[in-house]
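Undergrad: Contents are mmCIF, C-alpha atoms (C1' of nucleotides); file name structure11.cif:
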data_coords
#
loop_
_atom_site.label_atom_id
_atom_site.label_comp_id
_atom_site.auth_asym_id
_atom_site.auth_seq_id
_atom_site.Cartn_x
_atom_site.Cartn_y
_atom_site.Cartn_z
CA MET V 177 -33.36 -46.15 14.13
CA PRO V 178 -30.01 -47.89 13.89
CA ALA V 179 -31.72 -51.27 13.85
CA ILE V 180 -33.22 -50.88 10.41
CA LYS V 181 -30.22 -49.09 9.07
CA THR V 182 -27.88 -51.75 10.32
CA ASN V 183 -30.15 -54.32 8.82
CA ARG V 184 -30.19 -52.86 5.37
CA ASN V 185 -26.59 -51.90 5.61
CA SER V 186 -25.50 -55.35 6.61
CA SER V 187 -27.58 -57.13 3.99
CA LYS V 188 -25.80 -55.18 1.27
CA LYS V 189 -22.53 -55.87 3.02
CA GLU V 190 -23.37 -59.55 2.87
CA VAL V 191 -23.91 -59.30 -0.85
CA ILE V 192 -20.52 -57.65 -1.25
CA ILE V 193 -18.77 -60.26 0.84
CA SER V 194 -20.47 -63.08 -0.97
CA LYS V 195 -19.60 -61.73 -4.42
CA ALA V 196 -16.09 -61.04 -3.22
CA ALA V 197 -15.71 -64.63 -2.04
CA LYS V 198 -16.73 -65.81 -5.49
CA LEU V 199 -14.25 -63.54 -7.23
CA PHE V 200 -11.43 -64.18 -4.78
CA ARG V 201 -11.86 -67.87 -5.41
CA GLU V 202 -11.96 -67.54 -9.18
CA LYS V 203 -9.15 -65.05 -9.66
CA GLY V 204 -7.41 -64.76 -6.33
CA PHE V 205 -7.42 -61.84 -3.90
CA SER V 206 -4.68 -59.84 -5.58
CA ALA V 207 -6.04 -60.26 -9.08
CA THR V 208 -9.50 -59.10 -8.05
CA SER V 209 -9.88 -55.33 -8.22
CA MET V 210 -12.44 -53.27 -6.38
CA ARG V 211 -13.77 -52.28 -9.79
CA ASP V 212 -14.25 -55.96 -10.67
CA LEU V 213 -16.10 -56.46 -7.44
CA ALA V 214 -18.20 -53.34 -7.90
CA GLU V 215 -19.28 -54.46 -11.34
CA ASN V 216 -20.38 -57.80 -9.96
CA VAL V 217 -22.35 -56.11 -7.21
CA GLY V 218 -23.86 -53.74 -9.76
CA VAL V 219 -22.49 -50.52 -8.40
CA GLU V 220 -19.56 -48.10 -8.82
CA ALA V 221 -16.33 -48.94 -7.04
CA ALA V 222 -16.51 -45.94 -4.73
CA SER V 223 -19.97 -46.96 -3.53
CA LEU V 224 -18.60 -50.11 -1.98
CA TYR V 225 -17.01 -47.96 0.70
CA ASN V 226 -20.41 -47.04 2.08
CA HIS V 227 -20.58 -50.64 3.29
CA ILE V 228 -17.06 -51.84 3.90
CA ARG V 229 -13.97 -50.18 5.24
CA SER V 230 -11.42 -51.63 2.82
CA LYS V 231 -10.59 -54.50 0.52
CA ALA V 232 -8.57 -56.00 3.34
CA GLU V 233 -11.58 -56.00 5.64
CA ILE V 234 -13.52 -58.18 3.20
CA LEU V 235 -10.83 -60.83 3.28
CA GLN V 236 -10.71 -60.65 7.05
CA GLU V 237 -14.43 -61.24 7.35
CA ILE V 238 -14.29 -64.21 5.02
CA CYS V 239 -11.32 -65.85 6.70
CA PHE V 240 -12.37 -65.43 10.31
CA ARG V 241 -15.97 -66.44 9.80
CA VAL V 242 -14.77 -69.68 8.30
CA ALA V 243 -12.13 -70.18 10.97
CA ASN V 244 -14.70 -69.70 13.71
CA GLN V 245 -17.05 -72.28 12.26
CA PHE V 246 -14.33 -74.89 12.17
CA MET V 247 -13.06 -74.04 15.62
CA THR V 248 -16.55 -74.29 17.08
CA HIS V 249 -17.14 -77.67 15.53
CA LEU V 250 -13.76 -78.92 16.71
CA GLU V 251 -14.60 -77.99 20.29
CA GLU V 252 -17.96 -79.73 20.14
CA THR V 253 -16.28 -82.84 18.83
CA GLU V 254 -13.56 -82.80 21.46
CA ASN V 255 -16.19 -82.63 24.19
CA SER V 256 -18.30 -85.43 22.75
CA LYS V 257 -18.09 -89.02 23.93
CA GLN V 258 -17.11 -90.96 20.86
CA SER V 259 -14.22 -93.14 19.91
CA SER V 260 -11.22 -91.26 18.55
CA ILE V 261 -11.74 -92.57 15.08
CA ALA V 262 -15.38 -91.48 15.16
CA LYS V 263 -14.21 -88.01 16.18
CA VAL V 264 -11.80 -87.90 13.29
CA GLN V 265 -14.52 -89.04 10.94
CA SER V 266 -16.91 -86.41 12.26
CA ILE V 267 -14.36 -83.68 11.70
CA LEU V 268 -13.56 -84.98 8.24
CA GLN V 269 -17.23 -85.02 7.35
CA PHE V 270 -17.66 -81.48 8.62
CA HIS V 271 -14.82 -80.35 6.39
CA ILE V 272 -16.27 -82.14 3.41
CA ARG V 273 -19.72 -80.68 3.93
CA GLN V 274 -18.43 -77.19 4.46
CA MET V 275 -16.35 -77.52 1.35
CA ILE V 276 -19.40 -78.62 -0.58
CA HIS V 277 -21.96 -76.17 0.72
CA ASN V 278 -19.90 -73.14 1.71
CA TYR V 279 -17.39 -73.64 -1.04
CA GLU V 280 -16.46 -70.10 -2.00
CA ALA V 281 -15.72 -68.81 1.48
CA VAL V 282 -14.01 -71.97 2.71
CA HIS V 283 -11.80 -72.13 -0.33
CA VAL V 284 -10.82 -68.48 -0.02
CA ALA V 285 -10.01 -68.86 3.67
CA ASP V 286 -7.87 -71.84 2.76
CA ARG V 287 -5.98 -70.35 -0.18
CA GLU V 288 -5.96 -66.58 0.19
CA TRP V 289 -5.29 -66.04 3.89
CA LYS V 290 -1.69 -65.18 3.05
CA HIS V 291 -2.90 -61.82 1.86
CA LEU V 292 -4.17 -60.90 5.30
CA THR V 293 -2.08 -58.22 6.98
CA ASP V 294 -0.98 -58.08 10.59
CA PRO V 295 -2.36 -58.33 13.18
CA TYR V 296 -4.95 -60.44 11.39
CA LEU V 297 -2.35 -62.51 9.62
CA SER V 298 -0.60 -63.60 12.83
CA ASN V 299 -3.91 -64.21 14.50
CA PHE V 300 -5.11 -66.41 11.66
CA LYS V 301 -1.89 -68.39 11.52
CA THR V 302 -2.07 -69.04 15.23
CA GLN V 303 -5.65 -70.27 14.99
CA ARG V 304 -4.76 -72.50 12.08
CA LYS V 305 -1.82 -73.98 13.90
CA THR V 306 -3.84 -74.56 17.05
CA TYR V 307 -6.59 -76.24 15.09
CA ARG V 308 -4.17 -78.65 13.48
CA GLN V 309 -2.45 -79.45 16.72
CA ARG V 310 -5.70 -80.28 18.44
CA LEU V 311 -6.78 -82.45 15.53
CA ALA V 312 -3.41 -84.20 15.69
CA GLY V 313 -4.06 -84.67 19.41
CA ILE V 314 -7.27 -86.57 18.70
CA ILE V 315 -5.42 -88.80 16.26
CA GLU V 316 -2.71 -89.45 18.80
CA GLN V 317 -5.31 -90.51 21.35
CA GLY V 318 -6.64 -92.91 18.74
CA ILE V 319 -3.18 -94.34 18.23
CA ALA V 320 -2.70 -94.74 21.98
CA LYS V 321 -6.00 -96.60 22.18
CA LYS V 322 -4.96 -98.70 19.16
CA GLU V 323 -7.95 -97.54 17.14
CA ILE V 324 -5.65 -95.89 14.67
CA LYS V 325 -2.52 -97.36 13.11
CA LYS V 326 0.88 -96.07 14.18
CA ILE V 327 1.48 -93.12 11.94
CA ASP V 328 2.79 -89.61 12.31
CA ALA V 329 -0.26 -87.66 13.45
CA PRO V 330 0.70 -84.27 11.95
CA THR V 331 1.21 -85.99 8.60
CA ALA V 332 -2.22 -87.56 8.84
CA VAL V 333 -3.74 -84.16 9.58
CA LEU V 334 -1.98 -82.65 6.61
CA ILE V 335 -3.29 -85.36 4.31
CA MET V 336 -6.83 -85.10 5.58
CA LEU V 337 -7.11 -81.36 5.37
CA HIS V 338 -5.53 -81.06 1.97
CA ALA V 339 -7.41 -83.99 0.52
CA VAL V 340 -10.60 -82.17 1.39
CA SER V 341 -9.54 -79.11 -0.53
CA GLY V 342 -9.53 -81.36 -3.58
CA ILE V 343 -13.29 -80.95 -3.58
CA GLU V 344 -12.48 -77.83 -5.53
CA SER V 345 -11.84 -80.10 -8.53
CA TRP V 346 -15.12 -81.84 -7.93
CA HIS V 347 -16.95 -78.52 -8.11
CA ARG V 348 -15.30 -77.75 -11.41
CA SER V 349 -15.84 -81.14 -13.01
CA LYS V 350 -18.61 -81.75 -15.52
CA GLN V 351 -19.82 -85.23 -14.71
CA LYS V 352 -19.90 -84.96 -10.92
CA ILE V 353 -20.87 -87.83 -8.71
CA SER V 354 -23.43 -86.81 -6.09
CA ALA V 355 -22.34 -84.94 -2.98
CA GLU V 356 -23.32 -87.91 -0.80
CA HIS V 357 -21.37 -90.31 -2.95
CA LEU V 358 -18.36 -88.01 -2.84
CA GLU V 359 -18.47 -87.75 0.92
CA GLU V 360 -18.85 -91.48 1.27
CA ASN V 361 -15.86 -92.22 -0.95
CA MET V 362 -13.62 -89.72 0.75
CA VAL V 363 -14.49 -91.05 4.17
CA ILE V 364 -13.83 -94.62 3.08
CA ILE V 365 -10.42 -93.90 1.63
CA LEU V 366 -9.20 -91.61 4.34
CA VAL V 367 -10.66 -93.18 7.44
CA GLU V 368 -9.79 -96.70 6.34
CA GLY V 369 -6.29 -95.44 5.63
CA LEU V 370 -6.02 -94.56 9.29
CA ARG V 371 -7.81 -97.46 10.95
CA ALA V 372 -5.61 -99.98 12.71
CA GLY V 373 -5.64 -103.59 11.70
CA MET M 214 28.13 -67.80 -32.19
CA PRO M 215 24.66 -68.19 -30.81
CA ALA M 216 25.77 -71.20 -28.77
CA ILE M 217 27.69 -69.28 -26.16
CA LYS M 218 25.26 -66.44 -26.14
CA THR M 219 22.36 -68.78 -25.59
CA ASN M 220 24.28 -70.46 -22.85
CA ARG M 221 24.97 -67.38 -20.82
CA ASN M 222 21.60 -65.98 -21.66
CA SER M 223 19.83 -69.05 -20.46
CA SER M 224 21.77 -69.36 -17.22
CA LYS M 225 20.61 -65.90 -16.20
CA LYS M 226 17.17 -66.80 -17.41
CA GLU M 227 17.27 -69.80 -15.11
CA VAL M 228 18.10 -67.57 -12.17
CA ILE M 229 15.15 -65.37 -13.00
CA ILE M 230 12.77 -68.29 -13.31
CA SER M 231 14.01 -69.83 -10.11
CA LYS M 232 13.66 -66.62 -8.10
CA ALA M 233 10.29 -66.05 -9.70
CA ALA M 234 9.12 -69.49 -8.62
CA LYS M 235 10.12 -68.68 -5.06
CA LEU M 236 8.26 -65.37 -5.10
CA PHE M 237 5.20 -66.70 -6.89
CA ARG M 238 4.92 -69.38 -4.25
CA GLU M 239 5.35 -66.98 -1.34
CA LYS M 240 3.13 -64.16 -2.53
CA GLY M 241 1.26 -65.49 -5.54
CA PHE M 242 1.68 -64.55 -9.18
CA SER M 243 -0.48 -61.43 -9.13
CA ALA M 244 1.00 -60.05 -5.95
CA THR M 245 4.55 -60.42 -7.23
CA SER M 246 5.69 -57.43 -9.24
CA MET M 247 8.47 -57.36 -11.78
CA ARG M 248 10.20 -54.89 -9.46
CA ASP M 249 10.02 -57.41 -6.62
CA LEU M 250 11.51 -60.01 -8.88
CA ALA M 251 14.19 -57.67 -10.20
CA GLU M 252 15.26 -56.80 -6.67
CA ASN M 253 15.60 -60.47 -5.82
CA VAL M 254 17.66 -61.08 -8.93
CA GLY M 255 19.78 -58.05 -8.14
CA VAL M 256 18.97 -55.98 -11.20
CA GLU M 257 16.62 -53.25 -12.39
CA ALA M 258 13.16 -54.31 -13.53
CA ALA M 259 13.71 -53.27 -17.13
CA SER M 260 16.82 -55.44 -17.35
CA LEU M 261 14.78 -58.58 -16.86
CA TYR M 262 13.42 -58.08 -20.35
CA ASN M 263 16.82 -58.84 -21.85
CA HIS M 264 16.23 -62.41 -20.72
CA ILE M 265 12.51 -63.01 -20.72
CA ARG M 266 9.73 -61.82 -22.95
CA SER M 267 7.13 -61.07 -20.30
CA LYS M 268 5.92 -61.88 -16.81
CA ALA M 269 3.45 -64.27 -18.38
CA GLU M 270 6.24 -66.19 -20.07
CA ILE M 271 7.88 -66.91 -16.73
CA LEU M 272 4.72 -68.53 -15.44
CA GLN M 273 4.37 -70.52 -18.64
CA GLU M 274 7.88 -71.89 -18.33
CA ILE M 275 7.32 -72.91 -14.75
CA CYS M 276 3.99 -74.57 -15.36
CA PHE M 277 4.85 -76.50 -18.50
CA ARG M 278 8.21 -77.75 -17.29
CA VAL M 279 6.48 -79.24 -14.28
CA ALA M 280 3.63 -80.61 -16.35
CA ASN M 281 6.06 -82.31 -18.71
CA GLN M 282 7.94 -84.00 -15.91
CA PHE M 283 4.77 -85.49 -14.51
CA MET M 284 3.47 -86.51 -17.88
CA THR M 285 6.73 -88.24 -18.74
CA HIS M 286 6.75 -90.18 -15.51
CA LEU M 287 3.13 -91.17 -15.97
CA GLU M 288 3.90 -92.63 -19.38
CA GLU M 289 6.84 -94.59 -18.06
CA THR M 290 4.68 -96.00 -15.33
CA GLU M 291 1.84 -96.91 -17.65
CA ASN M 292 4.26 -98.87 -19.83
CA SER M 293 5.88 -100.71 -16.93
CA LYS M 294 4.89 -104.19 -15.87
CA GLN M 295 3.74 -103.80 -12.29
CA SER M 296 0.53 -104.40 -10.44
CA SER M 297 -1.92 -101.53 -10.60
CA ILE M 298 -1.45 -100.70 -6.96
CA ALA M 299 2.32 -100.60 -7.44
CA LYS M 300 1.80 -98.19 -10.32
CA VAL M 301 -0.34 -95.97 -8.16
CA GLN M 302 2.24 -96.11 -5.41
CA SER M 303 5.01 -95.22 -7.85
CA ILE M 304 3.09 -92.21 -9.10
CA LEU M 305 2.28 -91.13 -5.59
CA GLN M 306 5.92 -91.37 -4.61
CA PHE M 307 6.96 -89.37 -7.64
CA HIS M 308 4.55 -86.63 -6.63
CA ILE M 309 5.80 -86.65 -3.08
CA ARG M 310 9.44 -86.48 -4.11
CA GLN M 311 8.83 -83.73 -6.63
CA MET M 312 6.93 -81.80 -4.02
CA ILE M 313 9.82 -82.20 -1.60
CA HIS M 314 12.74 -81.51 -3.92
CA ASN M 315 11.27 -79.24 -6.58
CA TYR M 316 8.90 -77.56 -4.20
CA GLU M 317 8.75 -74.01 -5.50
CA ALA M 318 8.05 -74.83 -9.12
CA VAL M 319 5.66 -77.70 -8.43
CA HIS M 320 3.69 -75.66 -5.99
CA VAL M 321 3.43 -72.73 -8.38
CA ALA M 322 2.32 -74.98 -11.22
CA ASP M 323 -0.31 -76.39 -8.90
CA ARG M 324 -1.67 -73.16 -7.47
CA GLU M 325 -0.97 -70.37 -9.92
CA TRP M 326 -1.77 -71.93 -13.29
CA LYS M 327 -5.07 -70.03 -13.31
CA HIS M 328 -3.12 -66.92 -14.17
CA LEU M 329 -1.95 -68.39 -17.45
CA THR M 330 -3.57 -66.81 -20.47
CA ASP M 331 -4.86 -68.51 -23.57
CA PRO M 332 -3.75 -70.48 -25.49
CA TYR M 333 -1.49 -71.66 -22.65
CA LEU M 334 -4.33 -71.79 -20.18
CA SER M 335 -6.47 -74.12 -22.29
CA ASN M 336 -3.47 -76.22 -23.11
CA PHE M 337 -2.54 -76.59 -19.45
CA LYS M 338 -6.07 -77.44 -18.41
CA THR M 339 -6.26 -80.10 -21.08
CA GLN M 340 -2.99 -81.67 -19.98
CA ARG M 341 -4.11 -81.61 -16.37
CA LYS M 342 -7.39 -83.24 -17.20
CA THR M 343 -5.74 -85.90 -19.34
CA TYR M 344 -3.25 -86.68 -16.61
CA ARG M 345 -5.98 -87.20 -14.06
CA GLN M 346 -8.05 -89.33 -16.37
CA ARG M 347 -5.13 -91.62 -17.11
CA LEU M 348 -4.32 -91.92 -13.43
CA ALA M 349 -7.97 -92.73 -12.77
CA GLY M 350 -7.65 -95.35 -15.50
CA ILE M 351 -4.87 -97.10 -13.64
CA ILE M 352 -6.95 -97.13 -10.48
CA GLU M 353 -9.92 -98.55 -12.37
CA GLN M 354 -7.74 -101.35 -13.69
CA GLY M 355 -6.75 -102.06 -10.10
CA ILE M 356 -10.38 -102.20 -9.08
CA ALA M 357 -11.17 -104.56 -11.94
CA LYS M 358 -8.32 -106.81 -10.84
CA LYS M 359 -9.55 -106.58 -7.24
CA GLU M 360 -6.26 -105.10 -6.05
CA ILE M 361 -8.04 -101.91 -5.12
CA LYS M 362 -11.30 -101.56 -3.21
CA LYS M 363 -14.43 -100.47 -5.03
CA ILE M 364 -14.31 -96.72 -4.92
CA ASP M 365 -14.90 -93.87 -7.31
CA ALA M 366 -11.59 -93.58 -9.15
CA PRO M 367 -11.75 -89.83 -9.91
CA THR M 368 -12.37 -89.19 -6.22
CA ALA M 369 -9.35 -91.26 -5.31
CA VAL M 370 -7.24 -89.27 -7.76
CA LEU M 371 -8.47 -86.03 -6.30
CA ILE M 372 -7.59 -87.14 -2.78
CA MET M 373 -4.14 -88.36 -3.75
CA LEU M 374 -3.12 -85.30 -5.69
CA HIS M 375 -4.39 -82.82 -3.18
CA ALA M 376 -3.03 -84.69 -0.21
CA VAL M 377 0.38 -84.39 -1.77
CA SER M 378 0.08 -80.65 -2.02
CA GLY M 379 -0.18 -80.68 1.76
CA ILE M 380 3.57 -81.10 1.77
CA GLU M 381 3.51 -77.34 1.54
CA SER M 382 2.62 -77.33 5.25
CA TRP M 383 5.44 -79.72 5.97
CA HIS M 384 7.91 -77.34 4.35
CA ARG M 385 6.66 -74.49 6.49
CA SER M 386 6.59 -76.38 9.76
CA LYS M 387 9.33 -76.00 12.36
CA GLN M 388 9.78 -79.46 13.75
CA LYS M 389 9.69 -81.42 10.51
CA ILE M 390 9.92 -85.17 10.40
CA SER M 391 12.46 -86.36 7.83
CA ALA M 392 11.58 -86.43 4.14
CA GLU M 393 11.82 -90.24 4.13
CA HIS M 394 9.56 -90.53 7.12
CA LEU M 395 7.07 -88.17 5.53
CA GLU M 396 6.99 -90.13 2.31
CA GLU M 397 6.61 -93.39 4.17
CA ASN M 398 3.68 -92.12 6.23
CA MET M 399 1.88 -90.64 3.27
CA VAL M 400 2.25 -93.83 1.28
CA ILE M 401 0.96 -95.92 4.16
CA ILE M 402 -2.14 -93.84 4.73
CA LEU M 403 -3.05 -93.31 1.11
CA VAL M 404 -2.13 -96.64 -0.44
CA GLU M 405 -3.61 -98.63 2.42
CA GLY M 406 -6.73 -96.52 2.06
CA LEU M 407 -7.06 -97.85 -1.45
CA ARG M 408 -6.01 -101.45 -1.05
CA ALA M 409 -8.76 -104.03 -1.20
CA GLY M 410 -9.45 -106.33 1.72
"C1'" DG O 67 41.98 -52.76 -32.53
"C1'" DA O 68 37.30 -52.76 -34.72
"C1'" DA O 69 32.72 -54.68 -35.11
"C1'" DA O 70 29.09 -56.98 -33.09
"C1'" DC O 71 26.99 -58.48 -29.28
"C1'" DC O 72 24.84 -58.85 -24.80
"C1'" DT O 73 23.24 -56.83 -20.82
"C1'" DA O 74 22.89 -53.37 -17.70
"C1'" DC O 75 21.07 -48.73 -16.95
"C1'" DT O 76 17.70 -44.35 -16.83
"C1'" DA O 77 13.50 -42.47 -18.23
"C1'" DA O 78 9.12 -42.68 -19.69
"C1'" DT O 79 4.51 -44.55 -21.02
"C1'" DA O 80 -0.24 -45.83 -20.58
"C1'" DA O 81 -3.13 -48.30 -17.87
"C1'" DG O 82 -4.76 -49.88 -13.50
"C1'" DT O 83 -4.64 -49.80 -8.24
"C1'" DG O 84 -7.25 -48.73 -3.64
"C1'" DT O 85 -9.30 -45.06 -1.74
"C1'" DT O 86 -11.21 -40.17 -0.59
"C1'" DA O 87 -13.98 -35.82 -1.38
"C1'" DG O 88 -17.83 -33.82 -2.68
"C1'" DT O 89 -22.31 -34.04 -4.71
"C1'" DT O 90 -26.66 -35.89 -6.21
"C1'" DT O 91 -30.19 -39.31 -5.95
"C1'" DT O 92 -33.18 -42.38 -3.38
"C1'" DG O 93 -36.47 -43.85 -0.07
"C1'" DC O 94 -38.56 -43.75 4.19
"C1'" DA O 95 -40.50 -41.07 8.92
"C1'" DG O 96 -42.87 -37.37 10.62
"C1'" DC G 90 -44.96 -32.68 1.30
"C1'" DT G 91 -40.75 -31.95 4.00
"C1'" DG G 92 -36.55 -33.33 6.00
"C1'" DC G 93 -33.00 -36.46 6.70
"C1'" DA G 94 -29.98 -40.01 6.29
"C1'" DA G 95 -28.31 -43.93 3.44
"C1'" DA G 96 -26.19 -44.92 -0.50
"C1'" DA G 97 -25.42 -44.01 -5.07
"C1'" DC G 98 -22.72 -41.15 -8.30
"C1'" DT G 99 -18.51 -38.44 -10.65
"C1'" DA G 100 -13.93 -36.93 -10.30
"C1'" DA G 101 -9.83 -37.13 -8.66
"C1'" DC G 102 -5.85 -38.56 -5.76
"C1'" DA G 103 -1.28 -40.60 -5.32
"C1'" DC G 104 0.86 -44.83 -6.49
"C1'" DT G 105 1.99 -48.98 -8.63
"C1'" DT G 106 1.74 -51.91 -12.64
"C1'" DA G 107 4.12 -54.23 -16.87
"C1'" DT G 108 6.56 -52.90 -20.51
"C1'" DT G 109 9.31 -50.04 -24.16
"C1'" DA G 110 12.88 -46.75 -26.00
"C1'" DG G 111 17.14 -45.27 -26.05
"C1'" DT G 112 21.78 -45.53 -24.42
"C1'" DA G 113 26.25 -46.66 -22.29
"C1'" DG G 114 29.66 -50.11 -20.71
"C1'" DG G 115 31.76 -54.47 -21.19
"C1'" DT G 116 32.99 -58.86 -23.47
"C1'" DT G 117 33.56 -61.75 -27.35
"C1'" DT G 118 34.81 -62.55 -32.24
"C1'" DC G 119 37.32 -61.50 -36.20
#
Once more with this new file: its structure as structure tokens, please.

TA:
Amino acid sequence: MPAIKTNRNSSKKEVIISKAAKLFREKGFSATSMRDLAENVGVEAASLYNHIRSKAEILQEICFRVANQFMTHLEETENSKQSSIAKVQSILQFHIRQMIHNYEAVHVADREWKHLTDPYLSNFKTQRKTYRQRLAGIIEQGIAKKEIKKIDAPTAVLIMLHAVSGIESWHRSKQKISAEHLEENMVIILVEGLRAG
Amino acid sequence: MPAIKTNRNSSKKEVIISKAAKLFREKGFSATSMRDLAENVGVEAASLYNHIRSKAEILQEICFRVANQFMTHLEETENSKQSSIAKVQSILQFHIRQMIHNYEAVHVADREWKHLTDPYLSNFKTQRKTYRQRLAGIIEQGIAKKEIKKIDAPTAVLIMLHAVSGIESWHRSKQKISAEHLEENMVIILVEGLRAG
DNA sequence: GAAACCTACTAATAAGTGTTAGTTTTGCAG
DNA sequence: CTGCAAAACTAACACTTATTAGTAGGTTTC
């Protein structure tokens, strides 16, 4: 039965991808060898290839899963009936929460996507660009409605998205404030930085 | 005379470090080979070793030069007589300008320092931590003096520093706004996000 | 012009890379 | 218990890695 096989197969594949995300984050894609990964999974390097096609495929899975989550949430937000600034805040909060709870994968997708190879690389870059443009669009609507101060929208996007990746430092720090407190502070600084008035 | 020798030696060394910074930024430290670098310098890989001791040394030079620049500026700012929020703004502007005009090296120091090896790695991490703590200190003074709103200072530092690294996207983008406009927008969003009131 | 040098080269080293072939072990279905 | 497929293993592959040794050409210093 392929059902059971696929099930077992894919659960081991998930372990591999999850361990890979951890290692890719810690050491980077290029500095992580298949033997490193194998050791972390508890298996010989060659055995990994019973579950995955290549090292490149692992990175693809990580990057596009993350990209899809963000794209889905963006679409939901675009279609919702909220003020522009509430939409921006919702997207910011989604980024923060993803960065807190799906840290490894999100961070890898953010920092290691350059090591994708075509056609995946072009595809990813296009998605990334589209995402940012649509987010900038929401901000521009907010400016038009005078909810948001007159700023360059792409610059605001750039600040927001990169500020969020600073949560990496939070993860590494010893005396962390709570996740809720972190989210709250980030929202205050960034959203208030945008609000008109 | 070692003077002349050192002079010529070091000018070629500067070329190597500069090309290395470009490649390390584009492809990452691990994915850049000495042969890649040699080709960009216009020389055989082995010849690089007449000028540098190792691949690791190149990264060290890049990282610590950048770190020293920032540390020096921080000290100057700490000793100046300005309001806390003006100090924060000055530091932010320094980061923005460095990121614009010394892009390759600053970006590498920011993203690739993990590939340093001890004792340089520990040293760098300590400097980084110290820098952030002192910047947080300035923000806390601003909060105490009610110039800055009541927020978690380390979180504010994290947002500021990472937002700045978003200038990477600005460098890559086609239709860039001007450097001055970029700086202005970033300062508005981030400093106003901090200001009390 | 000779001595000392810097810097380029070719060639080679040992270790590490992702990945494949072929074989043995494991664990479940009949 | 038998048979079969999934997944582990060992061994090897063809390359690439950073780096060293040894050497030749060119420039500077006396």

Undergrad: Go through M:Ser297, M:Gln302, M:Ser378, M:Gln354 and flag the residue nearest Ile402 (chain M), using all atoms listed in the file for the distances.

TA: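 Among M:Ser297, M:Gln302, M:Ser378, M:Gln354, it is M:Gln302 that comes nearest to Ile402 (chain M).
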
Undergrad: Translate the PyMOL selection byres ((chain G and resi 116) around 10) into a concrete residue list for this structure, as a PyMOL selection string.

TA: (chain O and resi 71-72) or (chain G and resi 114-115+117-118)

Undergrad: Which residue, V:Tyr225, V:Phe205, V:Phe270, V:Phe240, has the smallest gap to Met336 (chain V) when you use only C-alpha atoms?

TA: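 Of V:Tyr225, V:Phe205, V:Phe270, V:Phe240, the one nearest Met336 (chain V), counting only C-alpha atoms, is V:Phe270.
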
Undergrad: Could I get the residues of chain G with an atom no further than 8 Å from an atom of chain V, each paired with its nearest atom pair and that distance in Å to one decimal, using only C-alpha atoms (C1' of nucleotides), sorted by chain and residue number, as a tab-separated table?

TA:
residue	atom	partner	partner_atom	distance
G:DA95	C1'	V:Lys181	CA	7.9
G:DA96	C1'	V:Asn226	CA	6.7
G:DA97	C1'	V:Ser223	CA	6.4
G:DC98	C1'	V:Glu220	CA	7.7

Undergrad: Quick one: residues within 9 Å of region 352-357 of chain V, all atoms listed in the file, excluding same-chain residues fewer than 6 positions away - as a list in words?

TA: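 Contacts, with the query itself left out: Arg273, Ile276 and Trp346 of chain V; Asp365 and Thr368 of chain M.
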
Undergrad: Return the neighbours of chain M among the residues of chain O, cut-off 12 Å, counting only C-alpha atoms (C1' of nucleotides), as a VMD selection string.

TA: chain O and resid 70 to 78 83

Undergrad: In Å, how far is it from CA of His286 (chain M) to CA of Asn315 (chain M)?

TA: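 Answer for the CA of His286 (chain M) to CA of Asn315 (chain M) separation: 14.8 Å.
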
Undergrad: Which of these residues is nearest to His283 (chain V), using only C-alpha atoms: V:Ser345, V:Asn244, V:Asn361, V:Asn216?

TA: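 The shortest atom-to-atom distance to His283 (chain V) comes from V:Ser345.
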
Undergrad: Might you pull out every residue within 12 Å of Met399 (chain M), with only C-alpha atoms (C1' of nucleotides) counted and same-chain residues fewer than 4 positions away left off, and present them as JSON, numbers by chain?

TA: {"V": [327, 328, 329, 330, 331, 332, 333, 334, 335, 336, 339, 366, 369, 370], "M": [302, 305, 306, 308, 309, 310, 372, 373, 374, 375, 376, 377, 378, 379, 380, 383, 392, 393, 394, 395, 403, 404, 405, 406]}

Undergrad: Return as JSON, numbers by chain the set of residues that the PyMOL selection byres ((chain G and resi 107) around 8) yields on the displayed structure.

TA: {"M": [247, 268], "G": [106, 108]}

Undergrad: Let's have the selection written as a tab-separated table (two decimals), keeping the file's coordinate frame, with C-alpha atoms (C1' of nucleotides).

TA:
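Output (selection_36.tsv):
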chain	number	residue	atom	x	y	z
M	247	MET	CA	8.47	-57.36	-11.78
M	268	LYS	CA	5.92	-61.88	-16.81
G	106	DT	C1'	1.74	-51.91	-12.64
G	108	DT	C1'	6.56	-52.90	-20.51

Undergrad: So that I can see what lies close to Lys305 (chain V), please list as a short mmCIF file (atom, residue, chain, number, x, y, z; two decimals) with C-alpha atoms, keeping the file's coordinate frame the residues with an atom at most 12 Å from it, counting only C-alpha atoms (C1' of nucleotides) and leaving out residues fewer than 4 positions away in the same chain.

TA:
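The result, written out as around.cif:
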data_model
loop_
_atom_site.label_atom_id
_atom_site.label_comp_id
_atom_site.auth_asym_id
_atom_site.auth_seq_id
_atom_site.Cartn_x
_atom_site.Cartn_y
_atom_site.Cartn_z
CA ALA V 243 -12.13 -70.18 10.97
CA MET V 247 -13.06 -74.04 15.62
CA SER V 298 -0.60 -63.60 12.83
CA ASN V 299 -3.91 -64.21 14.50
CA PHE V 300 -5.11 -66.41 11.66
CA LYS V 301 -1.89 -68.39 11.52
CA GLN V 309 -2.45 -79.45 16.72
CA ARG V 310 -5.70 -80.28 18.44
CA LEU V 311 -6.78 -82.45 15.53
CA ALA V 312 -3.41 -84.20 15.69
CA PRO V 330 0.70 -84.27 11.95
CA VAL V 333 -3.74 -84.16 9.58
CA LEU V 334 -1.98 -82.65 6.61
CA SER M 382 2.62 -77.33 5.25
CA ARG M 385 6.66 -74.49 6.49
CA SER M 386 6.59 -76.38 9.76
CA LYS M 387 9.33 -76.00 12.36
#
